[in-house]
Amino acid sequence: MESSHEFIKKKSTLLALVVSTLFLAAYLPVLQILVRLWLASEEYSHAFLTLPIIFFIVWRKRPVLADQPVRNSTVGLVLLVICVPIYLFALMTKVNTVIELSMYVTIIGSIMYLAGVTAVKELITPLILLLMLIPVPNQLYIKLTFPLQLKVSQISEVVVRTFGVPIFREGNVMNLPYKSFEVVEACSGLRSVISMLTLSVIAGYFMLKKFASKVILFVAAVPTAIIVNVIRVVTLILMWHYVRLDLTKGTWHKVTGLLIFLIALLILFLLMKVLNAWETKSKSS
C-alpha cells in the first residue's frame, strides 16, 4: 500500500507540473520580451550562457530537494495572489521592468508554495543569477553609468600623467595635443560590472565553500571591472601617444576589448585562488 509520504510526493510533483504549464502559458510574453532584450543588448548577451548554468544548478539540486519534506508555504500563495494583478496591470501599461520582476517573484512564490521556504534557500544561487538577468531600467542605467564614466576618466588621467604624457581632461573627454579620447558608456565599467558580478556568483558557487569567500569574490567584481576599464583607457591613450596606433576602432578595438576581459578573468581567478587557500588554511587550523 502506498505510504502517505509517497502520496504527498506524487501529489506535489503533479501540482508542480500543472503550475509549470500554467506559468509558461501566462508568462510567455515576458520570456519573449527578455529574449529580445538579451539579443539587442551587449550588457546581457551572456544571458544565453547563464541560463543553461542556472538549469544545471537546479538539476544538481534534485536529490537534495527530493529528500526535503514537503511543506507548502502560505506565504508563497500570498505572493502568487499579489503578483497576478500586478503582472496584468504591467502588461497593459507595458512597463517591462515590473513585468519581469512580477515573473521573478511568481517563480519564488511558486517554489515556496510547492516545496516550502527551505527549497528557496537551496536554490538561492540560481535565483540570484536569474535576477541578474533582468535588465536594469534605462533611467537607473544612465544614473549609474555617468558616475562610473567620470571615475574611470579621473583615474585614467592620473595614471597617464605618471607616464609624462601631456593631457587635459574635460569631464569624460581626454585631450591630447593631436587627438581626443572620450570615455563612453562602453568604457564606464558598468557593462563589465554586470558580467563580472554574474561570473563571480557562478565561480563562487562551484569553486568556493564558505559564504564569506563568495561574498568577497562578489564584491571584488566591482573594483575589478573599474580597474580593467582604466587599463583599457590608459592603453588606448599611450598606444596613440607613443606609436600612433588607434585602438578605438576596427579589429584592434575588438582585440583590446577581449584582452581586457581576459585580464579581468585573471584577476578574479587569482583572487579565487587566494580565497581557496584561505579556506583550506581555516579548515586545517
# chains A, B, ... in the order shown; residues from 1 in each chain; ligands from 1
>>> select_by_dssp(residues="range 77-275 of chain A", states="helix (DSSP H, G or I)", output="ChimeraX atom specification")
/A:77-93,96-115,117-122,124-131,138-162,185-187,190-207,211-243,250-275
>>> residues_around(residues="range 159-162 of chain A", least_positions_apart="6", cutoff="8 Å", atoms="only C-alpha atoms", output="number ranges by chain")
A: 234, 237-238
>>> select_by_dssp(residues="range 103-223 of chain A", states="strand (DSSP E)", output="PyMOL selection string")
chain A and resi 168-170+173-175+180-182
>>> atom_distance(atom1="CA of Glu122 in chain A", atom2="CA of Ile57 in chain A")
10.2 Å
>>> atom_distance(atom1="CA of Leu275 in chain A", atom2="CA of Ser213 in chain A")
6.1 Å
>>> atom_distance(atom1="CA of Phe168 in chain A", atom2="CA of Ile155 in chain A")
12.9 Å
>>> residues_around(residues="range 123-137 of chain A", least_positions_apart="2", cutoff="8 Å", atoms="only C-alpha atoms", output="PyMOL selection string")
chain A and resi 34+37+44+47+50-51+54-55+57-58+61+97+100-101+104+119-121+139-141+194+198+201+205
>>> residues_around(residues="Ile226 in chain A", least_positions_apart="5", cutoff="12 Å", atoms="only C-alpha atoms", output="PyMOL selection string")
chain A and resi 145+147-156+186-194+196+220-221+231-233+260-261+263-264
>>> closest_residue(among="A:Val81, A:Leu199, A:Leu24, A:Ile33", to="Asn96 in chain A", atoms="only C-alpha atoms")
A:Ile33
>>> closest_residue(among="A:Thr251, A:Thr118, A:Ser200, A:Thr280", to="Ile216 in chain A", atoms="only C-alpha atoms")
A:Ser200
>>> residues_around(residues="Lys273 in chain A", least_positions_apart="3", cutoff="12 Å", atoms="only C-alpha atoms", output="number ranges by chain")
A: 203-204, 207-208, 213, 217, 266-270, 276-280
>>> closest_residue(among="A:Ala90, A:Pro177, A:Phe163, A:Gly171", to="Val30 in chain A", atoms="only C-alpha atoms")
A:Ala90
